[in-house]
Every structure is written in structure tokens, then in C-alpha cells.
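Before any comments, here is the structure.
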Amino acid sequence: MKLNRSIQERRRSSHCTQSFDSENGPSPGRSPMDSQASPGLVLHPSFPQRRESFLYRSDSDYDMSPKTMSRNSSINSEGHAEDMIVTPFAQVLSSLRTVRSNFTILANVTTPTNKRSPVTSQPTVQPATLSEETYQQMARETLDELDWCLDQLETIQTHRSVSDMASTKFKRMLNRELSHLSETSRSGNQVSEYISTTFLDKQNEVEIPSPTQREREKPMCHISGVKKLTHSSSLPISTLPRFGVKTDQEDALALELDDLNKWGLNIFHVADFSNNRPLSCIMYAIFEERDLLKTFRIPVDTFVTYVMTLEDHYHANVAYHNSLHAADVTQSTHVLLSTPALDAVFTDLEILAALFAAAIHDVDHPGVSNQFLINTNSELALMYNDESVLENHHLAVGFKLLHEENCDIFQNLSKRQRQSLRKLVIDMVLATDMSKHMSLLADLKTMVETKKVTSSGVLLLDHYTDRIQVLRNMVHCADLSNPTKPLAVYRQWTERIMEEFFRQGDKERERGMEISPMCDKHTASVEKSQVGFIDYIVHPLWETWGDLVHPDAQDILDTLEDNRDWYQSTIPQSPSPPPAVDREVNACIDKFQFQLTLDDNTQSEQGGEEERDTSMLNHMAQDVRPREEKAQKEQGERERMVQQENDDIIEEEGEMGMEEEAEEEEQRHPLKAQLEVAAETGRHSDTSPLEEEEEEEEDDSSSPNEDT
């Protein structure tokens, strides 16, 4: 094998094999069992066979680099089997390690074994074995590689983190993908606009209305949505239901909760069997399963009172963002916390914070988006300065409820524990703002790939920033987990979110506002929206999470792919409704065809000939307002002219005259022209040129406004 090909292959694999053996574990240079490596998790190279996300496609900004295949992903392959690196900072690290490796060969320098000395299966190439041509080529490639690294480092802005580099790149790539999608069809454009406005932190420019007098009188310090509810403040343990809620179907509920620790629990069944208390039931079952009530000395009656009060502050009349969704996200977070790759990584306090954050992350959700609240100048938008409006409100309500009677479940935590938990919860709930999606994805992918190109292959989570980064993405993944669930469950969630979108669209229509993307029930394509949602949002996120916990998430990714294929297969059978303009045109055509049929029968009864009826129909299609006197005059003239139509030449000229008249009429009235074409379909015109001229003269004299 030639040396330059060896270098290129080594670069294309992004040096993951230099630091980690997929069979024997991490290199001897650094063990995950070392005290410095705990807590942490081992990053395994993944070899997926499924379709890769758009993040692994070529990015035009990197096409000018000396070896594009090392910095772009597999352009010609479907899977990134060689663990391609796509985040800019990790690419720079990978290239610098290549430069270092090449330098040791070119300079014949022997370096001691350390973390920068790669452990690779490829034999070491000695300079003595290199020909002069190969030596010079390797030197040039190394210099090009170093120049590229310098170019990248020179463009880094000092006030931006390395994750911002990846976020900017991913947003640019997503914008390019959405541009292609918007060009495919009208529904594709709507899906593209929805993804762009929801997940790319773009604010629509709108005219903000002035606050009403009622809004001016409201105190801004008041946390709206908190209600005074009456729940038993002293529930005796002896009478406490088995799952924390009263139900007549306890056995059926127990059977459903056997899947509490499994991905894909049917939360709809849990709601049916728990007397519509899915959040209270799930929270109680999880806290019992993890023994958190004993660990943090949470009184059982206080816990039950709080979770029932919390659930009551979710709106039952909101189709999607209700206590069902909160329970589903909480149970999904519970399963992700238990993934083998993250075993013993997080502390009990962090687990408590993650579950609490998942439970409160949408409390008192009004069923409309942040942008709707901003556009309508709502009190919440004013209070939180248009920044993560709903997420800030969910946090305020969730923590405020702790001050209700017998609701403080954290009463026995130390002051330091309460402060730490509050900080963790705030960070995680704010991360559920979908406009922050690309930044979260870039942060996680940069962290994973940066550790992959180092020699350890171990992701250390000994700093708060690293640990909260994983926890934020965990709750975010749970919040976007519907497409990864069994298809029957996923379809129910899709129906609910679309119903909520359509309700918002109805409100916007009533207010005379521009209807938000995917909120117009007359034009939205549900199937295309789900395919686009998976391709550009859900798949890249779960793909990155799968790299973090590989191979624990492979079944989840398989289900996601199957669900995507199912919705893709339903698109041809479920086309979008026709545009409103087309519907109006078709309605008008049907109306006029009905009128023409009635008039045709009337003329036949009067003994008119077929040619006369045909010409009369044509005239009525041109002039919607029939005039009786004009019709009688035309009738006599047409009877005289029809007798002269005896040869084919005159008939051909008559057809040409009709086409010219149609073109002139189309210029004056496009809608009338469409109606005329529809009315003339399936018949043959026998009108002569003389007849056409007389009709034009009569039209000009009777309808002068049409010329204007």
C-alpha cells in the first residue's frame, strides 16, 4: 500500500482507531478505571448500517480543503462506518494529530509512548524505506494539512466556544437542506418553514400590539397559572394506594407498569387504568423503583400531594402538552438514565433533578407556541422579555407549587443540595426550548467527537459543564422521543400535536394573524411534516445520542427508521388539500356548468338546433350575467348564420376565431377564461368567423366596463 493512501485512510477514520480497540477497550495509556477517569464513559466506535443524517453530507465550506474526504463525511457512502468527524474543532484536532504523526516519520524522531502516541494497527513507516518522490509528496500533504488547521484557527472568534463553530456549521447545512425541501412542493415549503422557525431560533418580525388596559393593571411579579387546590394534606400510609392513585383497575395498571423500565411504555394505557392520573402514577412508581423517597427523606404524603397538585396544573383541554406528555417524558428520562453506558455516572441528586425537570417541563402549557405569545403581546412574553417564554413559566410554576401546603418534597435537602438541584433543573427545562435545538446538538456532538479523536476514548464527566450537557440533551431527547416509540403510540402523539397546531391556527385566523407553519388545517401535510421532522431534527439528535451510549440506543434508532419509512410510504396516499384558489375555481365551474345545463334544456324545448345551443352555451360562459333581450337578438342571428356553415374550411376558421377570442377574453378576465375552457371541454364548436365578429360587437356594446 502506498504511504499517501495509508495516511489518507488514517485521516478518513478520524483517528478513532488510534486510541481505542473495539475488542480490547481503551489503550493502555489511560484506563477508565483510573481515579482521574471517573466518572466517565467509554466511547465505542460505531458501525451503523442504517441511513445517516444530513450532518454527514458534504459541507461546501470545506470542499476547498486539501483532502476533503477527511473533513467531510462519506460523500459516496450511506453509512459513516469509519466514524467520520463532522464538528469543526474535532476536525482540527484530528488533522493536527495527523501532522504530528507525519512529522515523526519525516524527521525520523522517536517519541516516548504517551497519550499522543497513537496505538494503531498500521505498521510504522520508516523514512529509510521512502522513495524521494514519496517523501516529498508526504511533506507537501503534511504542509497542506497544517495550513488548513491554521486557516481554521485563524477564523475562530475569541468570544465564541468551539461548540458554536459546530452549531453555525449545522445551521448552515440545515438551511441548505431546507432550501431543497422547500423547492419540491407547496407542502414541502410549509414543512421547511416550520422546522426553520421552530428549531433554528428565528423570530418572525411582527407588529407588536399595544397592551390593553386590563393587561396594564396586572402586577408583573405575579406568577400566573398557580391555583389553590385541595388535596389531602395527611394521607395515612396504610391507606395509600399501591401506585399513589386511586383506581378500580389496579391489576391492569400493574400489568402496564411491568414495562416501567422499558422503552415504549404505552402511557395512554397507564392513563386509562390510573383514573386519568398518568403523571402522578408514573412519578410515584419511578421514585419507588429508584428508592428516592428514602434517599432524600421525602414524606410519602407530601410527595403524593405535590405530584397531584402538579398534574392538576397541566391543562386537560390541551391536546398534546398535557400531563400525558409530561408522564411520557418523565418515564423516557427514567429509561435513559438507566442505560448501561451511563451506569453509575450520575449522582442521586442529579437523577432526582432530571426526573423533577421532566415532570414540570410543560406545566401550565396554554397549547400555543412561544412565537404566538410574543406576536400577541401576552403577559408572559412581556414578563420574560420574549426569551424562552413558556420554559421560564414552566419553571416558575413548578417551583412555586413547592410552597403550597404540604407540597415541599425537598424539605429535607440541605441548603447546598437545594441550590444545586435548582440550578440543574433550570438548565434542563430551559433546554427544552426547541429554538435551542441546534446549539444543544452541536454541543453534544462536539463533546463526543472531541473525545473520540483523543487517545483515551473515555468521556470524562468530572466537570459540571460536561455533566449538565449530557443531562440537558437527555431530557431534550426524551422530549423528542415520540418518533422512536412503537408506531401505534407514535401515531397517537402525531394526531394530538397536529390537533394542537390546528387549534392555534384557528386562533390566528380569528385574530387576522398570519397562520403559523403547519397550523393551517386546510393545507398542512401531516405525513410530510413527520418525515421532515425525523430527517432534520429527530434523527440527527438521536444519532448523536446513539454515538454517546453506543450500542445501547440501536433498537431505538431502528424503530425511528421504521417509523420514518412508514410515514414516507403514506405520502402518496395522503396528498395535501388543493389550494383555496383552486377550490374556488372548481366551485365556480361546477356552478356554471349546472346553470348551462338548465339553459340548454330550456333552449331545446323551444326547438333550437344543436349548433345554436352550443354557441349559446359558449356565450353564457363568457357573460355570466345573461340578458334576455340580448339572447333573443342573438338567437335570430345565429339561426341565419348556422345555415351558411356547410364546408369544413369555414368550420376551421371558426375554431381559430374562437381561440383568438378566448385569448382576448383571458387577458381581460383570467377567471372567466378558465371557466370558458372548462365549459368548452368535450364539445366541438361550429361557430363561423362572421358570427364571432357579431358577438364581439354585441359584447362591446352591452358590456363596456369589460374593456376598461
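Ordered as shown in the C-alpha cells, chains take letters A, B, and onward, while each chain numbers its residues from 1 and ligands are numbered from 1 in the order shown.
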
Residue contacts of Lys445 in chain A (10 Å, only C-alpha atoms) excluding same-chain residues fewer than 2 positions away, as a PDB file with N, CA and C atoms, in the first residue's frame:
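Output saved as result-v6.pdb:
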```
ATOM      1  N   ILE A  85     -15.758  12.369  11.349  1.00  0.00           N
ATOM      2  CA  ILE A  85     -15.825  13.510  12.252  1.00  0.00           C
ATOM      3  C   ILE A  85     -16.419  14.677  11.478  1.00  0.00           C
ATOM      4  N   VAL A  86     -17.436  15.326  12.036  1.00  0.00           N
ATOM      5  CA  VAL A  86     -18.111  16.409  11.321  1.00  0.00           C
ATOM      6  C   VAL A  86     -18.049  17.739  12.053  1.00  0.00           C
ATOM      7  N   THR A  87     -17.690  17.754  13.326  1.00  0.00           N
ATOM      8  CA  THR A  87     -17.621  19.027  14.045  1.00  0.00           C
ATOM      9  C   THR A  87     -16.273  19.681  13.796  1.00  0.00           C
ATOM     10  N   ALA A  90     -13.218  19.213  16.370  1.00  0.00           N
ATOM     11  CA  ALA A  90     -12.692  17.847  16.360  1.00  0.00           C
ATOM     12  C   ALA A  90     -11.937  17.568  15.070  1.00  0.00           C
ATOM     13  N   SER A 163     -18.151  24.843  20.452  1.00  0.00           N
ATOM     14  CA  SER A 163     -19.459  24.293  20.105  1.00  0.00           C
ATOM     15  C   SER A 163     -20.218  25.227  19.174  1.00  0.00           C
ATOM     16  N   ALA A 166     -19.544  24.419  15.602  1.00  0.00           N
ATOM     17  CA  ALA A 166     -20.348  23.310  15.090  1.00  0.00           C
ATOM     18  C   ALA A 166     -21.797  23.736  14.883  1.00  0.00           C
ATOM     19  N   SER A 167     -22.319  24.527  15.814  1.00  0.00           N
ATOM     20  CA  SER A 167     -23.701  24.980  15.691  1.00  0.00           C
ATOM     21  C   SER A 167     -23.893  25.805  14.427  1.00  0.00           C
ATOM     22  N   SER A 439     -28.100  24.282  18.888  1.00  0.00           N
ATOM     23  CA  SER A 439     -26.995  24.534  19.819  1.00  0.00           C
ATOM     24  C   SER A 439     -26.770  23.330  20.720  1.00  0.00           C
ATOM     25  N   LEU A 440     -27.851  22.727  21.193  1.00  0.00           N
ATOM     26  CA  LEU A 440     -27.715  21.530  22.031  1.00  0.00           C
ATOM     27  C   LEU A 440     -27.070  20.395  21.253  1.00  0.00           C
ATOM     28  N   LEU A 441     -27.542  20.199  20.028  1.00  0.00           N
ATOM     29  CA  LEU A 441     -26.988  19.135  19.194  1.00  0.00           C
ATOM     30  C   LEU A 441     -25.506  19.368  18.931  1.00  0.00           C
ATOM     31  N   ALA A 442     -25.139  20.609  18.623  1.00  0.00           N
ATOM     32  CA  ALA A 442     -23.736  20.924  18.339  1.00  0.00           C
ATOM     33  C   ALA A 442     -22.870  20.727  19.580  1.00  0.00           C
ATOM     34  N   ASP A 443     -23.378  21.109  20.747  1.00  0.00           N
ATOM     35  CA  ASP A 443     -22.620  20.926  21.987  1.00  0.00           C
ATOM     36  C   ASP A 443     -22.321  19.453  22.229  1.00  0.00           C
ATOM     37  N   MET A 447     -18.613  17.564  21.867  1.00  0.00           N
ATOM     38  CA  MET A 447     -18.035  16.901  23.025  1.00  0.00           C
ATOM     39  C   MET A 447     -17.693  15.449  22.709  1.00  0.00           C
ATOM     40  N   VAL A 448     -18.611  14.739  22.050  1.00  0.00           N
ATOM     41  CA  VAL A 448     -18.387  13.328  21.738  1.00  0.00           C
ATOM     42  C   VAL A 448     -17.218  13.171  20.767  1.00  0.00           C
ATOM     43  N   GLU A 449     -17.203  13.955  19.686  1.00  0.00           N
ATOM     44  CA  GLU A 449     -16.170  13.788  18.670  1.00  0.00           C
ATOM     45  C   GLU A 449     -14.806  14.270  19.157  1.00  0.00           C
ATOM     46  N   THR A 450     -14.783  15.299  19.992  1.00  0.00           N
ATOM     47  CA  THR A 450     -13.506  15.763  20.530  1.00  0.00           C
ATOM     48  C   THR A 450     -12.859  14.681  21.377  1.00  0.00           C
ATOM     49  N   LYS A 451     -13.667  13.983  22.160  1.00  0.00           N
ATOM     50  CA  LYS A 451     -13.113  12.901  22.968  1.00  0.00           C
ATOM     51  C   LYS A 451     -12.721  11.703  22.098  1.00  0.00           C
ATOM     52  N   PRO A 540     -30.866  13.330  13.520  1.00  0.00           N
ATOM     53  CA  PRO A 540     -29.526  13.797  13.910  1.00  0.00           C
ATOM     54  C   PRO A 540     -29.308  13.807  15.417  1.00  0.00           C
ATOM     55  N   LEU A 541     -30.357  14.160  16.185  1.00  0.00           N
ATOM     56  CA  LEU A 541     -30.214  14.193  17.647  1.00  0.00           C
ATOM     57  C   LEU A 541     -30.015  12.795  18.206  1.00  0.00           C
ATOM     58  N   GLU A 543     -29.132  10.127  16.616  1.00  0.00           N
ATOM     59  CA  GLU A 543     -27.906   9.565  16.058  1.00  0.00           C
ATOM     60  C   GLU A 543     -26.710   9.937  16.924  1.00  0.00           C
ATOM     61  N   THR A 544     -26.661  11.184  17.358  1.00  0.00           N
ATOM     62  CA  THR A 544     -25.567  11.641  18.221  1.00  0.00           C
ATOM     63  C   THR A 544     -25.665  11.000  19.601  1.00  0.00           C
ATOM     64  N   TRP A 545     -26.896  10.913  20.129  1.00  0.00           N
ATOM     65  CA  TRP A 545     -27.054  10.234  21.416  1.00  0.00           C
ATOM     66  C   TRP A 545     -26.633   8.759  21.298  1.00  0.00           C
ATOM     67  N   ASP A 547     -24.291   7.615  19.393  1.00  0.00           N
ATOM     68  CA  ASP A 547     -22.830   7.586  19.438  1.00  0.00           C
ATOM     69  C   ASP A 547     -22.324   7.682  20.872  1.00  0.00           C
ATOM     70  N   LEU A 548     -23.027   8.461  21.698  1.00  0.00           N
ATOM     71  CA  LEU A 548     -22.602   8.644  23.086  1.00  0.00           C
ATOM     72  C   LEU A 548     -22.743   7.362  23.896  1.00  0.00           C
TER      73      LEU A 548
END
```

* Excluding Glu387 in chain A and residues on its chain fewer than 4 positions from it, collect all residues at most 12 Å away from it, counting only C-alpha atoms, and give them as a list in words. =>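 My list of contacting residues is Asp201, Lys202, Gln203, Asn370, Gln371, Leu373, Ile374, Leu380, Ala381, Leu382, Met383, Glu391, Asn392, His393, Leu430, Asp433, Met434, Ser435 and Lys436 of chain A.
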
Output C-alpha atoms of each residue in that selection to a file, as a compact mmCIF listing (two decimals), in the first residue's frame.
```txt
# COMPACT_ATOMS: atom_id res chain seq x y z
CA ASP A 201 -34.05 30.24 16.93
CA LYS A 202 -35.52 32.55 14.27
CA GLN A 203 -38.01 35.18 15.39
CA ASN A 370 -43.69 30.91 22.22
CA GLN A 371 -43.94 32.86 18.98
CA LEU A 373 -47.36 34.56 22.78
CA ILE A 374 -44.78 37.04 21.50
CA LEU A 380 -45.89 36.01 29.76
CA ALA A 381 -43.92 37.34 26.79
CA LEU A 382 -43.64 40.73 28.46
CA MET A 383 -42.59 39.21 31.77
CA GLU A 391 -39.94 27.38 29.54
CA ASN A 392 -39.38 30.14 32.09
CA HIS A 393 -43.04 29.99 33.04
CA LEU A 430 -34.63 25.76 29.55
CA ASP A 433 -36.93 25.32 24.24
CA MET A 434 -36.93 23.93 20.70
CA SER A 435 -35.30 27.06 19.32
CA LYS A 436 -32.14 25.95 21.16
```

* Out of A:Glu133, A:Asp427, A:Glu495, A:Asp151, which residue has the shortest atom-to-atom distance to Asn473 in chain A when counting only C-alpha atoms? -> A:Asp427

* To do: Rounded to one decimal place, report the CA of Asp462 in chain A-CA of Thr347 in chain A distance in Å.
  =>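 Those two atoms sit 11.6 Å apart.
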
* Within 8 Å of Phe410 in chain A, counting only C-alpha atoms, which residues show up once you throw out same-chain ones fewer than 3 positions away? Write them as a PyMOL selection string, please. => chain A and resi 296+298+413+418

With N, CA and C atoms retained, export the selected residues as an mmCIF file, in the first residue's frame.
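Just written: out-v8.cif:
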```cif
data_model
loop_
_atom_site.group_PDB
_atom_site.id
_atom_site.type_symbol
_atom_site.label_atom_id
_atom_site.label_comp_id
_atom_site.auth_asym_id
_atom_site.auth_seq_id
_atom_site.Cartn_x
_atom_site.Cartn_y
_atom_site.Cartn_z
ATOM 1 N N PHE A 296 -33.793 10.728 49.949
ATOM 2 C CA PHE A 296 -33.882 12.162 50.257
ATOM 3 C C PHE A 296 -34.941 12.463 51.317
ATOM 4 N N ILE A 298 -38.139 12.022 51.635
ATOM 5 C CA ILE A 298 -39.333 12.728 51.169
ATOM 6 C C ILE A 298 -40.563 12.052 51.778
ATOM 7 N N LEU A 413 -33.743 18.396 52.158
ATOM 8 C CA LEU A 413 -32.450 18.593 51.493
ATOM 9 C C LEU A 413 -31.696 19.726 52.180
ATOM 10 N N ARG A 418 -30.317 21.920 47.747
ATOM 11 C CA ARG A 418 -31.429 22.625 47.109
ATOM 12 C C ARG A 418 -30.920 23.576 46.030
#
```

* **Using only C-alpha atoms: which of A:Leu461, A:Asn377, A:Asp408, A:Glu256 has the shortest distance to Ala344 in chain A** =>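 Closest residue, counting only C-alpha atoms: A:Leu461.
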
* Asked: What is the CA of Ser525 in chain A to CA of Arg564 in chain A distance in Å?
  -> 14.7 Å

* Residue among A:Asp259, A:Glu499, A:Asp565, A:Glu405 lying closest to Lys528 in chain A, counting only C-alpha atoms ->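 Ranked by minimum distance to Lys528 in chain A, first place goes to A:Asp565.
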
* Shell around Ile468 in chain A at 9 Å using only C-alpha atoms, local window under 4 positions removed, as a PyMOL selection string -> chain A and resi 350+424+427-428+463-464+472-473

* Identify which of the residues A:Leu106, A:Val318, A:Val329, A:Leu150 lies closest to Phe502 in chain A, counting only C-alpha atoms when measuring atom-to-atom distances. => A:Val318

* To do: Using CA of Asn482 in chain A and CA of Thr333 in chain A as the two end points, give the distance in Å to one decimal.
  => 12.7 Å

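When the distance limit is 12 Å and only C-alpha atoms are what count, the residues near Thr295 in chain A, minus those fewer than 4 positions from it on the same chain, are Phe287, Glu288, Glu289, Arg290, Asp291, Pro299, Thr347, Asp348, Leu349, Ile351, Leu352, Phe410, Asn412 and Leu413 of chain A.
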
If you keep C-alpha atoms, can you produce a file of those selected residues as an mmCIF file, in the first residue's frame?
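To be explicit, this is the file written out as result-v3.cif:
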```cif
data_model
loop_
_atom_site.group_PDB
_atom_site.id
_atom_site.type_symbol
_atom_site.label_atom_id
_atom_site.label_comp_id
_atom_site.auth_asym_id
_atom_site.auth_seq_id
_atom_site.Cartn_x
_atom_site.Cartn_y
_atom_site.Cartn_z
ATOM 1 C CA PHE A 287 -39.448 7.226 42.799
ATOM 2 C CA GLU A 288 -40.329 3.940 44.467
ATOM 3 C CA GLU A 289 -38.311 1.997 41.876
ATOM 4 C CA ARG A 290 -35.237 4.174 42.469
ATOM 5 C CA ASP A 291 -35.815 4.419 46.223
ATOM 6 C CA PRO A 299 -42.572 12.156 53.128
ATOM 7 C CA THR A 347 -25.325 11.113 41.391
ATOM 8 C CA ASP A 348 -28.647 10.548 43.128
ATOM 9 C CA LEU A 349 -29.196 14.305 43.331
ATOM 10 C CA ILE A 351 -31.104 11.800 38.932
ATOM 11 C CA LEU A 352 -33.646 13.462 41.212
ATOM 12 C CA PHE A 410 -37.325 18.894 49.057
ATOM 13 C CA ASN A 412 -35.154 17.645 53.992
ATOM 14 C CA LEU A 413 -32.450 18.593 51.493
#
```

* Asked: Can you list every residue in range 332-557 of chain A that DSSP puts in helix (DSSP H, G or I), as number ranges by chain?
  -> A: 332-337, 340-342, 348-360, 370-375, 379-383, 389-403, 415-430, 434-452, 464-479, 482-484, 487-510, 526-549, 554-557
